[in-house]
>>> print(open('run03.cif').read())   # mmCIF, C-alpha atoms and all ligand atoms
data_final
loop_
_atom_site.label_atom_id
_atom_site.label_comp_id
_atom_site.auth_asym_id
_atom_site.auth_seq_id
_atom_site.Cartn_x
_atom_site.Cartn_y
_atom_site.Cartn_z
CA MET H 1183 -57.28 73.45 -24.32
CA ASN H 1184 -60.59 75.34 -24.27
CA LYS H 1185 -63.00 73.90 -26.80
CA VAL H 1186 -66.52 75.12 -27.49
CA LEU H 1187 -69.40 73.70 -29.45
CA ILE H 1188 -71.72 76.41 -30.78
CA LEU H 1189 -75.22 75.17 -31.72
CA GLY H 1190 -77.45 77.19 -34.09
CA ALA H 1191 -76.32 78.94 -37.27
CA GLY H 1192 -78.81 81.84 -37.18
CA GLY H 1193 -78.25 85.55 -36.62
CA VAL H 1194 -77.11 85.08 -33.03
CA GLY H 1195 -74.95 82.06 -33.88
CA ARG H 1196 -73.12 84.16 -36.47
CA VAL H 1197 -72.29 86.81 -33.87
CA VAL H 1198 -71.21 84.28 -31.23
CA LEU H 1199 -68.94 82.54 -33.70
CA HIS H 1200 -67.34 85.80 -34.85
CA LYS H 1201 -66.83 87.00 -31.29
CA CYS H 1202 -65.26 83.71 -30.19
CA THR H 1203 -62.84 83.83 -33.11
CA GLN H 1204 -61.75 87.33 -32.01
CA TYR H 1205 -60.46 85.81 -28.72
CA PRO H 1206 -58.49 82.72 -29.85
CA GLU H 1207 -56.50 82.64 -26.60
CA THR H 1208 -59.75 81.73 -24.79
CA PHE H 1209 -61.67 79.94 -27.55
CA GLN H 1210 -58.88 77.67 -28.69
CA GLU H 1211 -60.97 75.26 -30.72
CA ILE H 1212 -64.45 75.85 -32.15
CA THR H 1213 -67.04 73.52 -33.65
CA PHE H 1214 -70.12 75.11 -35.19
CA ALA H 1215 -73.16 72.85 -35.69
CA SER H 1216 -76.74 73.41 -36.76
CA ARG H 1217 -79.66 71.77 -38.52
CA THR H 1218 -78.35 72.95 -41.89
CA LYS H 1219 -74.59 72.47 -42.22
CA SER H 1220 -74.33 74.75 -45.28
CA LYS H 1221 -75.45 77.67 -43.09
CA CYS H 1222 -72.55 76.96 -40.71
CA ASP H 1223 -70.14 76.75 -43.64
CA ALA H 1224 -71.34 80.05 -45.08
CA ILE H 1225 -70.83 81.86 -41.76
CA VAL H 1226 -67.43 80.25 -41.19
CA ALA H 1227 -66.36 81.39 -44.66
CA ASP H 1228 -66.70 85.02 -43.46
CA VAL H 1229 -64.36 84.53 -40.49
CA LYS H 1230 -60.96 86.11 -40.82
CA ASN H 1231 -57.83 85.71 -38.71
CA TYR H 1232 -58.73 82.68 -36.63
CA PRO H 1233 -55.63 80.55 -36.35
CA LYS H 1234 -57.30 77.12 -36.60
CA PRO H 1235 -59.82 75.46 -38.90
CA ILE H 1236 -63.38 75.69 -37.57
CA ARG H 1237 -65.19 72.39 -37.80
CA THR H 1238 -68.82 72.44 -38.93
CA GLU H 1239 -71.40 69.72 -38.40
CA LYS H 1240 -75.04 68.93 -39.02
CA VAL H 1241 -77.08 68.08 -35.93
CA ASP H 1242 -80.71 67.87 -34.95
CA ALA H 1243 -80.63 69.53 -31.54
CA ASP H 1244 -84.04 68.08 -30.67
CA SER H 1245 -82.42 64.65 -30.63
CA VAL H 1246 -80.51 63.83 -27.44
CA PRO H 1247 -78.74 60.79 -29.01
CA GLU H 1248 -77.53 62.91 -31.96
CA LEU H 1249 -76.30 65.61 -29.61
CA VAL H 1250 -74.58 63.09 -27.34
CA ALA H 1251 -72.77 61.52 -30.31
CA LEU H 1252 -71.61 64.93 -31.53
CA ILE H 1253 -70.51 66.11 -28.08
CA ARG H 1254 -68.61 62.84 -27.46
CA ASP H 1255 -66.83 63.28 -30.75
CA VAL H 1256 -65.99 66.98 -30.32
CA GLN H 1257 -65.31 66.82 -26.54
CA PRO H 1258 -66.00 70.50 -25.85
CA ASP H 1259 -65.67 72.13 -22.43
CA LEU H 1260 -68.82 74.15 -23.04
CA VAL H 1261 -71.87 73.98 -25.30
CA ILE H 1262 -73.11 77.44 -26.35
CA HIS H 1263 -76.73 76.92 -27.35
CA VAL H 1264 -78.02 79.63 -29.70
CA ALA H 1265 -80.45 77.48 -31.70
CA LEU H 1266 -84.08 77.80 -30.53
CA PRO H 1267 -85.63 77.72 -27.04
CA TYR H 1268 -87.45 74.48 -27.98
CA GLN H 1269 -84.12 72.65 -27.75
CA ASP H 1270 -83.03 73.83 -24.28
CA LEU H 1271 -83.99 70.69 -22.38
CA ALA H 1272 -82.63 68.25 -24.99
CA ILE H 1273 -79.29 70.07 -24.99
CA MET H 1274 -79.19 70.22 -21.18
CA ASP H 1275 -79.84 66.45 -21.10
CA ALA H 1276 -77.06 65.84 -23.60
CA CYS H 1277 -74.65 68.03 -21.59
CA LEU H 1278 -75.46 66.04 -18.44
CA GLU H 1279 -74.93 62.75 -20.24
CA THR H 1280 -71.54 63.86 -21.57
CA GLY H 1281 -70.30 65.97 -18.62
CA VAL H 1282 -70.12 69.34 -20.37
CA HIS H 1283 -71.06 72.86 -19.21
CA TYR H 1284 -74.10 74.52 -20.84
CA LEU H 1285 -75.06 78.08 -21.79
CA ASP H 1286 -78.17 79.48 -23.51
CA THR H 1287 -79.87 82.81 -24.24
CA ALA H 1288 -83.58 82.04 -23.95
CA ASN H 1289 -85.71 80.02 -21.54
CA TYR H 1290 -87.24 76.73 -22.60
CA GLU H 1291 -90.43 76.91 -24.61
CA HIS H 1292 -92.66 74.04 -25.53
CA PRO H 1293 -93.44 74.23 -29.27
CA ASP H 1294 -97.20 73.98 -28.59
CA LEU H 1295 -97.39 76.48 -25.71
CA ALA H 1296 -96.37 80.15 -25.80
CA LYS H 1297 -95.27 80.05 -22.16
CA PHE H 1298 -92.08 81.68 -20.91
CA GLU H 1299 -90.76 80.32 -17.64
CA TYR H 1300 -87.55 79.10 -16.08
CA GLY H 1301 -89.28 76.37 -14.07
CA PRO H 1302 -88.45 73.46 -16.40
CA GLN H 1303 -84.78 74.49 -16.49
CA TRP H 1304 -84.45 75.39 -12.80
CA ALA H 1305 -85.69 71.85 -12.18
CA TYR H 1306 -82.27 70.66 -13.46
CA GLN H 1307 -80.51 72.31 -10.50
CA GLU H 1308 -79.82 69.11 -8.59
CA LYS H 1309 -78.75 67.16 -11.67
CA PHE H 1310 -76.19 69.77 -12.70
CA GLU H 1311 -75.01 70.23 -9.13
CA LYS H 1312 -74.48 66.48 -8.67
CA ALA H 1313 -72.66 66.26 -12.00
CA GLY H 1314 -70.38 69.15 -10.96
CA LEU H 1315 -71.47 71.10 -14.04
CA LEU H 1316 -72.60 74.65 -14.66
CA ALA H 1317 -75.64 75.58 -16.72
CA LEU H 1318 -75.91 79.33 -17.37
CA LEU H 1319 -79.37 80.44 -18.49
CA GLY H 1320 -80.43 83.52 -20.42
CA ALA H 1321 -77.01 84.89 -21.35
CA GLY H 1322 -78.06 87.24 -24.18
CA PHE H 1323 -78.97 90.93 -23.75
CA ASP H 1324 -82.46 90.69 -22.36
CA PRO H 1325 -82.29 88.29 -20.61
CA GLY H 1326 -78.58 88.45 -19.90
CA MET H 1327 -77.01 91.88 -19.95
CA THR H 1328 -80.07 93.37 -18.24
CA ASN H 1329 -79.64 90.87 -15.38
CA VAL H 1330 -75.98 91.89 -15.05
CA TYR H 1331 -76.93 95.60 -15.14
CA THR H 1332 -79.38 94.97 -12.29
CA ALA H 1333 -76.79 93.02 -10.26
CA TYR H 1334 -74.24 95.78 -10.84
CA ALA H 1335 -76.71 98.47 -9.80
CA ARG H 1336 -77.54 96.60 -6.60
CA LYS H 1337 -73.88 95.99 -5.79
CA HIS H 1338 -72.63 99.54 -6.34
CA HIS H 1339 -75.50 101.99 -6.29
CA PHE H 1340 -78.30 100.75 -4.05
CA ASP H 1341 -78.85 99.43 -0.56
CA ARG H 1342 -82.37 98.61 -1.68
CA MET H 1343 -84.00 98.58 -5.11
CA ASP H 1344 -87.70 99.46 -5.13
CA THR H 1345 -88.59 99.48 -8.81
CA VAL H 1346 -86.88 98.10 -11.90
CA ASP H 1347 -88.02 98.94 -15.43
CA ILE H 1348 -86.24 97.17 -18.28
CA ILE H 1349 -86.48 99.24 -21.43
CA ASP H 1350 -85.76 97.79 -24.86
CA CYS H 1351 -85.80 100.07 -27.88
CA ASN H 1352 -85.00 99.05 -31.41
CA ALA H 1353 -85.03 102.26 -33.41
CA GLY H 1354 -83.66 100.49 -36.46
CA ASP H 1355 -85.32 100.59 -39.87
CA HIS H 1356 -84.97 97.64 -42.27
CA GLY H 1357 -87.20 99.18 -44.93
CA TYR H 1358 -89.73 96.31 -45.01
CA PRO H 1359 -93.36 96.99 -44.01
CA PHE H 1360 -93.15 93.97 -41.68
CA ALA H 1361 -90.26 91.78 -40.58
CA THR H 1362 -88.95 90.57 -37.24
CA ASN H 1363 -85.41 91.15 -36.02
CA PHE H 1364 -84.98 87.69 -34.64
CA ASN H 1365 -86.65 84.36 -35.25
CA PRO H 1366 -90.20 85.40 -36.33
CA GLU H 1367 -91.87 82.48 -34.61
CA ILE H 1368 -90.25 83.21 -31.24
CA ASN H 1369 -90.67 86.97 -31.64
CA ILE H 1370 -94.38 86.86 -32.53
CA ARG H 1371 -95.16 84.35 -29.78
CA GLU H 1372 -93.54 86.70 -27.28
CA VAL H 1373 -95.22 89.88 -28.50
CA SER H 1374 -98.71 88.47 -28.98
CA ALA H 1375 -98.78 86.88 -25.52
CA LYS H 1376 -100.51 88.66 -22.60
CA GLY H 1377 -98.44 91.29 -20.83
CA ARG H 1378 -97.47 90.75 -17.20
CA TYR H 1379 -95.65 92.76 -14.58
CA TYR H 1380 -94.72 92.26 -10.96
CA GLU H 1381 -96.06 94.36 -8.11
CA ASN H 1382 -95.99 93.79 -4.36
CA GLY H 1383 -95.36 90.08 -4.65
CA GLN H 1384 -97.90 89.42 -7.38
CA TRP H 1385 -97.91 89.09 -11.13
CA ILE H 1386 -100.49 91.31 -12.79
CA GLU H 1387 -101.69 90.33 -16.24
CA THR H 1388 -102.54 92.84 -18.99
CA GLU H 1389 -104.05 92.35 -22.43
CA PRO H 1390 -101.39 92.06 -25.18
CA LEU H 1391 -99.84 95.48 -25.99
CA SER H 1392 -102.54 97.32 -24.02
CA VAL H 1393 -100.22 99.40 -21.76
CA LYS H 1394 -97.94 101.96 -23.35
CA LYS H 1395 -95.71 104.89 -22.45
CA THR H 1396 -93.51 107.36 -24.28
CA PHE H 1397 -89.86 107.42 -23.31
CA ASP H 1398 -87.22 109.88 -24.51
CA PHE H 1399 -84.34 107.60 -25.49
CA PRO H 1400 -80.72 108.78 -25.33
CA GLY H 1401 -78.09 108.53 -28.06
CA GLY H 1402 -80.00 110.73 -30.50
CA ILE H 1403 -82.93 108.27 -30.70
CA GLY H 1404 -85.49 110.57 -29.06
CA PRO H 1405 -89.06 109.89 -27.90
CA LYS H 1406 -90.61 106.51 -28.80
CA GLU H 1407 -93.73 104.66 -27.73
CA MET H 1408 -93.04 101.50 -25.81
CA TYR H 1409 -95.37 98.73 -24.67
CA LEU H 1410 -95.52 96.62 -21.55
CA LEU H 1411 -94.67 92.96 -22.23
CA TYR H 1412 -93.85 89.96 -20.13
CA HIS H 1413 -90.18 89.10 -20.44
CA GLU H 1414 -88.41 86.17 -18.92
CA GLU H 1415 -85.61 87.93 -17.01
CA MET H 1416 -88.22 89.35 -14.63
CA GLU H 1417 -88.87 85.85 -13.28
CA SER H 1418 -85.29 85.36 -12.15
CA LEU H 1419 -84.76 88.97 -11.08
CA VAL H 1420 -87.74 88.97 -8.70
CA ARG H 1421 -86.51 85.65 -7.34
CA PHE H 1422 -83.01 86.93 -6.62
CA TYR H 1423 -84.05 90.47 -5.57
CA PRO H 1424 -87.22 89.90 -3.53
CA GLU H 1425 -86.90 93.47 -2.16
CA VAL H 1426 -88.07 94.87 -5.52
CA LYS H 1427 -91.68 96.06 -5.21
CA ARG H 1428 -92.41 96.57 -8.89
CA MET H 1429 -90.76 95.22 -12.00
CA ARG H 1430 -91.82 95.85 -15.59
CA PHE H 1431 -90.50 95.28 -19.08
CA TRP H 1432 -91.06 97.65 -22.00
CA MET H 1433 -90.36 97.31 -25.71
CA THR H 1434 -90.77 99.85 -28.50
CA PHE H 1435 -92.74 99.00 -31.65
CA GLY H 1436 -93.42 101.09 -34.72
CA GLN H 1437 -97.00 101.63 -35.88
CA SER H 1438 -96.49 99.62 -39.07
CA TYR H 1439 -95.29 96.58 -37.10
CA LEU H 1440 -98.28 96.78 -34.75
CA THR H 1441 -100.84 97.19 -37.53
CA HIS H 1442 -99.43 94.21 -39.43
CA LEU H 1443 -99.36 92.12 -36.28
CA LYS H 1444 -102.98 92.95 -35.49
CA VAL H 1445 -104.11 91.97 -38.99
CA LEU H 1446 -102.08 88.76 -38.91
CA GLU H 1447 -103.61 87.90 -35.53
CA ASN H 1448 -107.11 88.74 -36.70
CA VAL H 1449 -106.85 86.43 -39.69
CA GLY H 1450 -105.36 83.59 -37.66
CA MET H 1451 -101.83 83.67 -39.09
CA THR H 1452 -100.17 83.80 -35.65
CA ARG H 1453 -101.89 80.62 -34.42
CA ILE H 1454 -99.55 77.92 -33.10
CA ASP H 1455 -102.04 75.05 -33.23
CA PRO H 1456 -102.15 72.83 -36.32
CA VAL H 1457 -104.79 73.50 -38.97
CA LEU H 1458 -105.72 71.19 -41.85
CA PHE H 1459 -104.83 72.79 -45.17
CA GLU H 1460 -105.58 70.83 -48.36
CA GLY H 1461 -105.25 67.55 -46.50
CA LYS H 1462 -102.00 68.50 -44.76
CA GLU H 1463 -101.54 69.82 -41.22
CA ILE H 1464 -99.77 73.16 -41.03
CA ILE H 1465 -99.04 75.56 -38.19
CA PRO H 1466 -99.99 79.05 -39.40
CA LEU H 1467 -97.18 80.80 -37.50
CA GLN H 1468 -94.58 78.44 -39.02
CA PHE H 1469 -95.98 79.13 -42.48
CA LEU H 1470 -95.83 82.87 -41.77
CA LYS H 1471 -92.18 82.47 -40.73
CA PHE H 1472 -91.50 80.86 -44.10
CA LEU H 1473 -93.00 83.89 -45.90
CA LEU H 1474 -91.28 86.61 -43.86
CA PRO H 1475 -87.77 87.92 -44.54
CA ASP H 1476 -85.08 85.83 -42.84
CA PRO H 1477 -83.87 87.98 -39.88
CA ALA H 1478 -80.29 87.15 -40.92
CA SER H 1479 -80.96 88.91 -44.24
CA LEU H 1480 -81.91 92.21 -42.54
CA GLY H 1481 -78.32 93.06 -41.63
CA PRO H 1482 -77.22 94.92 -44.76
CA ARG H 1483 -80.41 97.00 -44.94
CA THR H 1484 -81.01 97.92 -41.30
CA VAL H 1485 -80.01 101.42 -40.23
CA GLY H 1486 -80.40 103.15 -36.87
CA LYS H 1487 -79.71 102.17 -33.29
CA THR H 1488 -80.85 100.02 -30.43
CA CYS H 1489 -80.93 101.18 -26.82
CA ILE H 1490 -81.53 98.62 -24.08
CA GLY H 1491 -81.14 99.27 -20.39
CA CYS H 1492 -82.49 99.28 -16.85
CA TRP H 1493 -84.12 102.19 -15.07
CA ILE H 1494 -83.95 101.55 -11.34
CA HIS H 1495 -85.27 103.49 -8.38
CA GLY H 1496 -84.32 102.79 -4.78
CA VAL H 1497 -82.34 103.91 -1.77
CA LYS H 1498 -78.62 104.39 -1.12
CA ASP H 1499 -77.24 105.65 2.21
CA GLY H 1500 -80.73 106.62 3.32
CA ARG H 1501 -81.45 108.75 0.23
CA GLU H 1502 -83.67 107.96 -2.72
CA ARG H 1503 -82.02 107.80 -6.12
CA THR H 1504 -82.71 106.84 -9.70
CA TYR H 1505 -80.17 105.04 -11.87
CA TYR H 1506 -80.31 104.39 -15.61
CA VAL H 1507 -77.77 102.10 -17.25
CA TYR H 1508 -77.91 101.28 -20.96
CA ASN H 1509 -76.11 100.37 -24.13
CA ILE H 1510 -76.51 102.01 -27.53
CA CYS H 1511 -75.71 99.86 -30.51
CA ASP H 1512 -75.61 100.91 -34.17
CA HIS H 1513 -77.01 98.41 -36.70
CA GLN H 1514 -74.59 99.32 -39.48
CA GLU H 1515 -71.53 99.23 -37.20
CA CYS H 1516 -72.52 95.71 -36.14
CA PHE H 1517 -72.97 94.69 -39.74
CA LYS H 1518 -69.53 96.00 -40.65
CA GLU H 1519 -67.94 94.02 -37.82
CA VAL H 1520 -69.71 90.66 -37.97
CA GLY H 1521 -72.26 90.76 -40.81
CA ALA H 1522 -75.32 90.89 -38.52
CA GLN H 1523 -77.74 93.58 -37.34
CA ALA H 1524 -77.76 94.93 -33.79
CA VAL H 1525 -80.48 92.65 -32.37
CA SER H 1526 -78.37 89.58 -33.14
CA TYR H 1527 -75.22 91.44 -32.08
CA THR H 1528 -76.55 92.55 -28.70
CA THR H 1529 -77.56 88.94 -27.99
CA GLY H 1530 -74.43 87.21 -29.26
CA VAL H 1531 -71.85 89.45 -27.62
CA PRO H 1532 -72.97 88.85 -23.99
CA ALA H 1533 -73.31 85.13 -24.79
CA ALA H 1534 -69.71 84.97 -26.03
CA LEU H 1535 -68.43 86.96 -23.05
CA ALA H 1536 -70.39 84.75 -20.63
CA ALA H 1537 -68.76 81.76 -22.33
CA LYS H 1538 -65.38 83.40 -21.75
CA MET H 1539 -66.27 83.94 -18.07
CA ILE H 1540 -66.99 80.20 -17.74
CA LEU H 1541 -63.95 78.99 -19.67
CA THR H 1542 -61.58 81.24 -17.71
CA LYS H 1543 -63.35 80.19 -14.47
CA THR H 1544 -64.00 83.86 -13.67
CA TRP H 1545 -67.55 82.63 -13.13
CA SER H 1546 -67.83 79.13 -11.74
CA GLY H 1547 -70.27 76.99 -9.83
CA LYS H 1548 -72.20 73.75 -9.84
CA GLY H 1549 -75.85 73.83 -10.78
CA VAL H 1550 -78.20 75.99 -12.83
CA PHE H 1551 -77.53 79.74 -12.71
CA ASN H 1552 -78.94 83.00 -14.03
CA MET H 1553 -76.56 85.82 -14.89
CA GLU H 1554 -77.34 87.99 -11.84
CA GLN H 1555 -76.08 85.26 -9.50
CA PHE H 1556 -72.46 85.91 -10.49
CA ASP H 1557 -70.22 88.86 -9.65
CA PRO H 1558 -71.18 91.52 -12.24
CA ASP H 1559 -67.87 93.42 -12.02
CA PRO H 1560 -65.65 91.32 -14.30
CA PHE H 1561 -68.44 91.16 -16.86
CA MET H 1562 -69.10 94.92 -16.73
CA ASN H 1563 -65.35 95.59 -17.00
CA GLU H 1564 -65.02 93.51 -20.15
CA ILE H 1565 -68.31 93.97 -22.00
CA GLY H 1566 -67.38 97.44 -23.30
CA PRO H 1567 -64.17 96.37 -25.07
CA PHE H 1568 -65.98 93.18 -26.09
CA GLY H 1569 -68.43 95.27 -28.14
CA LEU H 1570 -71.22 96.65 -25.95
CA PRO H 1571 -70.09 99.75 -24.06
CA TRP H 1572 -72.46 100.99 -21.39
CA VAL H 1573 -73.46 104.36 -20.01
CA GLU H 1574 -74.76 105.09 -16.53
CA THR H 1575 -76.66 108.16 -15.40
CA PHE H 1576 -78.48 109.29 -12.26
CA PRO H 1577 -81.52 111.13 -13.63
CA ALA H 1578 -82.57 113.62 -10.95
CA GLY H 1579 -86.21 114.09 -10.06
CA GLN H 1580 -87.45 112.02 -12.99
CA GLU H 1581 -90.35 109.68 -12.30
CA PHE H 1582 -90.62 106.75 -14.64
N1 LIG P 1601 -81.62 86.94 -24.73
C1 LIG P 1601 -81.74 87.71 -25.78
O1 LIG P 1601 -81.47 88.90 -25.70
C2 LIG P 1601 -82.19 87.15 -27.10
C3 LIG P 1601 -82.50 88.03 -28.14
C4 LIG P 1601 -82.79 87.50 -29.40
C5 LIG P 1601 -82.79 86.12 -29.58
N2 LIG P 1601 -82.52 85.28 -28.53
C6 LIG P 1601 -82.50 83.82 -28.70
O2 LIG P 1601 -81.37 83.47 -29.48
C7 LIG P 1601 -81.61 82.25 -30.15
C8 LIG P 1601 -81.21 82.36 -31.62
O3 LIG P 1601 -81.94 83.41 -32.24
P1 LIG P 1601 -81.73 83.76 -33.78
O4 LIG P 1601 -82.35 85.08 -34.02
O5 LIG P 1601 -80.31 83.52 -34.15
O6 LIG P 1601 -82.65 82.65 -34.46
P2 LIG P 1601 -82.55 82.08 -35.95
O7 LIG P 1601 -81.93 83.09 -36.85
O8 LIG P 1601 -83.88 81.51 -36.27
O9 LIG P 1601 -81.49 80.88 -35.80
C9 LIG P 1601 -81.77 79.70 -35.15
C10 LIG P 1601 -80.83 78.65 -35.70
O10 LIG P 1601 -81.06 77.44 -34.98
C11 LIG P 1601 -81.15 76.40 -35.91
N3 LIG P 1601 -82.02 75.34 -35.43
C12 LIG P 1601 -83.36 75.41 -35.22
N4 LIG P 1601 -83.81 74.22 -34.81
C13 LIG P 1601 -82.74 73.39 -34.76
C14 LIG P 1601 -82.57 72.03 -34.42
N5 LIG P 1601 -83.60 71.27 -34.03
N6 LIG P 1601 -81.33 71.52 -34.48
C15 LIG P 1601 -80.28 72.28 -34.87
N7 LIG P 1601 -80.38 73.56 -35.20
C16 LIG P 1601 -81.61 74.11 -35.15
C17 LIG P 1601 -81.76 76.99 -37.16
O11 LIG P 1601 -81.46 76.15 -38.23
P3 LIG P 1601 -82.10 76.37 -39.70
O12 LIG P 1601 -81.39 77.59 -40.20
O13 LIG P 1601 -81.73 75.15 -40.45
O14 LIG P 1601 -83.56 76.57 -39.50
C18 LIG P 1601 -81.05 78.36 -37.18
O15 LIG P 1601 -79.83 78.27 -37.82
C19 LIG P 1601 -83.10 81.96 -29.93
O16 LIG P 1601 -83.21 81.04 -28.88
C20 LIG P 1601 -83.66 83.29 -29.49
O17 LIG P 1601 -84.81 83.14 -28.67
C21 LIG P 1601 -82.21 85.77 -27.30
#
>>> encode(input="run03.cif", output="structure tokens")
Amino acid sequence: MNKVLILGAGGVGRVVLHKCTQYPETFQEITFASRTKSKCDAIVADVKNYPKPIRTEKVDADSVPELVALIRDVQPDLVIHVALPYQDLAIMDACLETGVHYLDTANYEHPDLAKFEYGPQWAYQEKFEKAGLLALLGAGFDPGMTNVYTAYARKHHFDRMDTVDIIDCNAGDHGYPFATNFNPEINIREVSAKGRYYENGQWIETEPLSVKKTFDFPGGIGPKEMYLLYHEEMESLVRFYPEVKRMRFWMTFGQSYLTHLKVLENVGMTRIDPVLFEGKEIIPLQFLKFLLPDPASLGPRTVGKTCIGCWIHGVKDGRERTYYVYNICDHQECFKEVGAQAVSYTTGVPAALAAKMILTKTWSGKGVFNMEQFDPDPFMNEIGPFGLPWVETFPAGQEF
């Protein structure tokens, strides 16, 4: 009996739950838990055609004892963590204590430091190995799908990869002057941090959003400006593909988003340190999150598409070649299927398929893994029918 415990009833949690219920032969029993139980109940109420009742629970995923008690009671084979990156280590500890496999979609972040690194989670390698358990890190789209795209490219199309550019475009429009497509706190921390890319064995830092390029996106999206950011999958990709000479990550932003962000930064609203307000400590970014539209509420009003992929240059059979692999996802189609917009959808679908890979033992191992360490073929074969079809092209003579 395959049982899963899904943690986090946000936009991504909604998608993961829906996707798991579409494959009841793999996900035979599901418990859905989060900080606010009513949010789990509301999402479960939208599920159709799952043959068993879905249990919902309240849990504080920052508390290892609470998690351990819940896991002992539910006895899942796998915990799918789609709450927030702050909880990664607590949930990994609880999985170790209870002997359960672990999966997440974002690397650990300390609440007081906007720092994105796998180090604290890679440090669990020996513990998971000794316990005979698997922890799969970063199993969303980016990180996640982009790691699998890179592994697939290396396996089938390159003898050597020289440059990898990960390109993330959200050409969706939610109609608000400013809103974020996933958790505002996590999103703004990521975007307002310094940029960083990898070249010839070194990380080169850039000022936030100071490097930009125009890229002509496929799927009818057309040319968009995109900005160089640091993104966590680069850390694992340069570790597992040390041959790569340059790796960068790009994300598109509209002018309205950037102007609002600049103003919010300038007035101190994106600060993550506590400030004293009328005798009470508040964290400006958390207060801003409270004021902004809930990303889960953007679904019905978001139109347009996302396009995320990898542009890779290297050598195959002695000849240079360029390879571009990507997915196009339509916000409204996602909403029709699972009641969420494409940013949540593109994260939740790879997470659910990665969970299926673990439960069916298609992917197995002891220790802490990133997605590119497993055979990409079964994942690439299934991800299209699972909801995220991909396209590959070999753009001739095009420099990135
Ligand atoms: N790899 C990728 O491609 C990718 C892309 C986007 C997002 N992500 C990651 O996906 C995860 C979920 O994102 P999202 O957009 O769904 O965020 P979200 O809408 O903010 O949802 C997070 C959920 O976690 C719950 N939660 C927060 N703290 C908790 C705690 N201590 N205990 C229990 N539950 C807690 C929240 O509960 P309340 O509702 O009660 O606050 C909320 O339901 C994040 O880690 C994000 O970084 C990854």
>>> atom_distance(input="run03.cif", atom1="CA of Gln1257 in chain H", atom2="CA of Phe1568 in chain H")
26.4 Å
>>> closest_residue(input="run03.cif", among="H:Leu1446, H:Cys1489, H:Ala1375, H:Met1433", to="Gly1404 in chain H", atoms="all atoms listed in the file")
H:Cys1489
>>> residues_around(input="run03.cif", residues="Arg1196 in chain H", least_positions_apart="4", cutoff="10 Å", atoms="only C-alpha atoms", output="PDB file with C-alpha atoms, in the frame of the given file")
ATOM      1  CA  ILE H1188     -71.720  76.410 -30.780  1.00  0.00           C
ATOM      2  CA  GLY H1190     -77.450  77.190 -34.090  1.00  0.00           C
ATOM      3  CA  ALA H1191     -76.320  78.940 -37.270  1.00  0.00           C
ATOM      4  CA  GLY H1192     -78.810  81.840 -37.180  1.00  0.00           C
ATOM      5  CA  HIS H1200     -67.340  85.800 -34.850  1.00  0.00           C
ATOM      6  CA  LYS H1201     -66.830  87.000 -31.290  1.00  0.00           C
ATOM      7  CA  PHE H1214     -70.120  75.110 -35.190  1.00  0.00           C
ATOM      8  CA  LYS H1221     -75.450  77.670 -43.090  1.00  0.00           C
ATOM      9  CA  CYS H1222     -72.550  76.960 -40.710  1.00  0.00           C
ATOM     10  CA  ALA H1224     -71.340  80.050 -45.080  1.00  0.00           C
ATOM     11  CA  ILE H1225     -70.830  81.860 -41.760  1.00  0.00           C
ATOM     12  CA  VAL H1226     -67.430  80.250 -41.190  1.00  0.00           C
ATOM     13  CA  ASP H1228     -66.700  85.020 -43.460  1.00  0.00           C
ATOM     14  CA  VAL H1229     -64.360  84.530 -40.490  1.00  0.00           C
ATOM     15  CA  VAL H1264     -78.020  79.630 -29.700  1.00  0.00           C
ATOM     16  CA  ALA H1478     -80.290  87.150 -40.920  1.00  0.00           C
ATOM     17  CA  VAL H1520     -69.710  90.660 -37.970  1.00  0.00           C
ATOM     18  CA  GLY H1521     -72.260  90.760 -40.810  1.00  0.00           C
ATOM     19  CA  ALA H1522     -75.320  90.890 -38.520  1.00  0.00           C
ATOM     20  CA  SER H1526     -78.370  89.580 -33.140  1.00  0.00           C
ATOM     21  CA  TYR H1527     -75.220  91.440 -32.080  1.00  0.00           C
ATOM     22  CA  GLY H1530     -74.430  87.210 -29.260  1.00  0.00           C
TER      23      GLY H1530
END
>>> closest_residue(input="run03.cif", among="H:Pro1235, H:Gly1402, H:Gly1481, H:Pro1359", to="ligand LIG 1601 (chain P)", atoms="all atoms listed in the file")
H:Gly1481
>>> residues_near_ligand(input="run03.cif", ligand="ligand LIG 1601 (chain P)", cutoff="8 Å", atoms="all atoms listed in the file", output="PyMOL selection string")
chain H and resi 1189-1196+1215-1219+1221-1222+1240-1245+1263-1269+1286-1289+1320-1327+1363-1366+1368-1369+1476-1478+1525-1526+1528-1530
>>> decode(input="run03.cif", residues="range 1338-1350 of chain H", atoms="C-alpha atoms", output="compact mmCIF listing (two decimals), in the first residue's frame")
# COMPACT_ATOMS: atom_id res chain seq x y z
CA HIS H 1338 21.28 11.92 -25.39
CA HIS H 1339 22.58 15.00 -27.14
CA PHE H 1340 26.02 15.94 -25.83
CA ASP H 1341 29.40 14.39 -25.17
CA ARG H 1342 30.27 17.62 -23.41
CA MET H 1343 28.15 20.58 -22.32
CA ASP H 1344 29.94 23.94 -22.37
CA THR H 1345 27.22 26.41 -21.45
CA VAL H 1346 23.80 26.03 -19.85
CA ASP H 1347 21.28 28.87 -19.68
CA ILE H 1348 18.07 28.20 -17.78
CA ILE H 1349 15.32 30.46 -19.05
CA ASP H 1350 12.12 31.06 -17.10
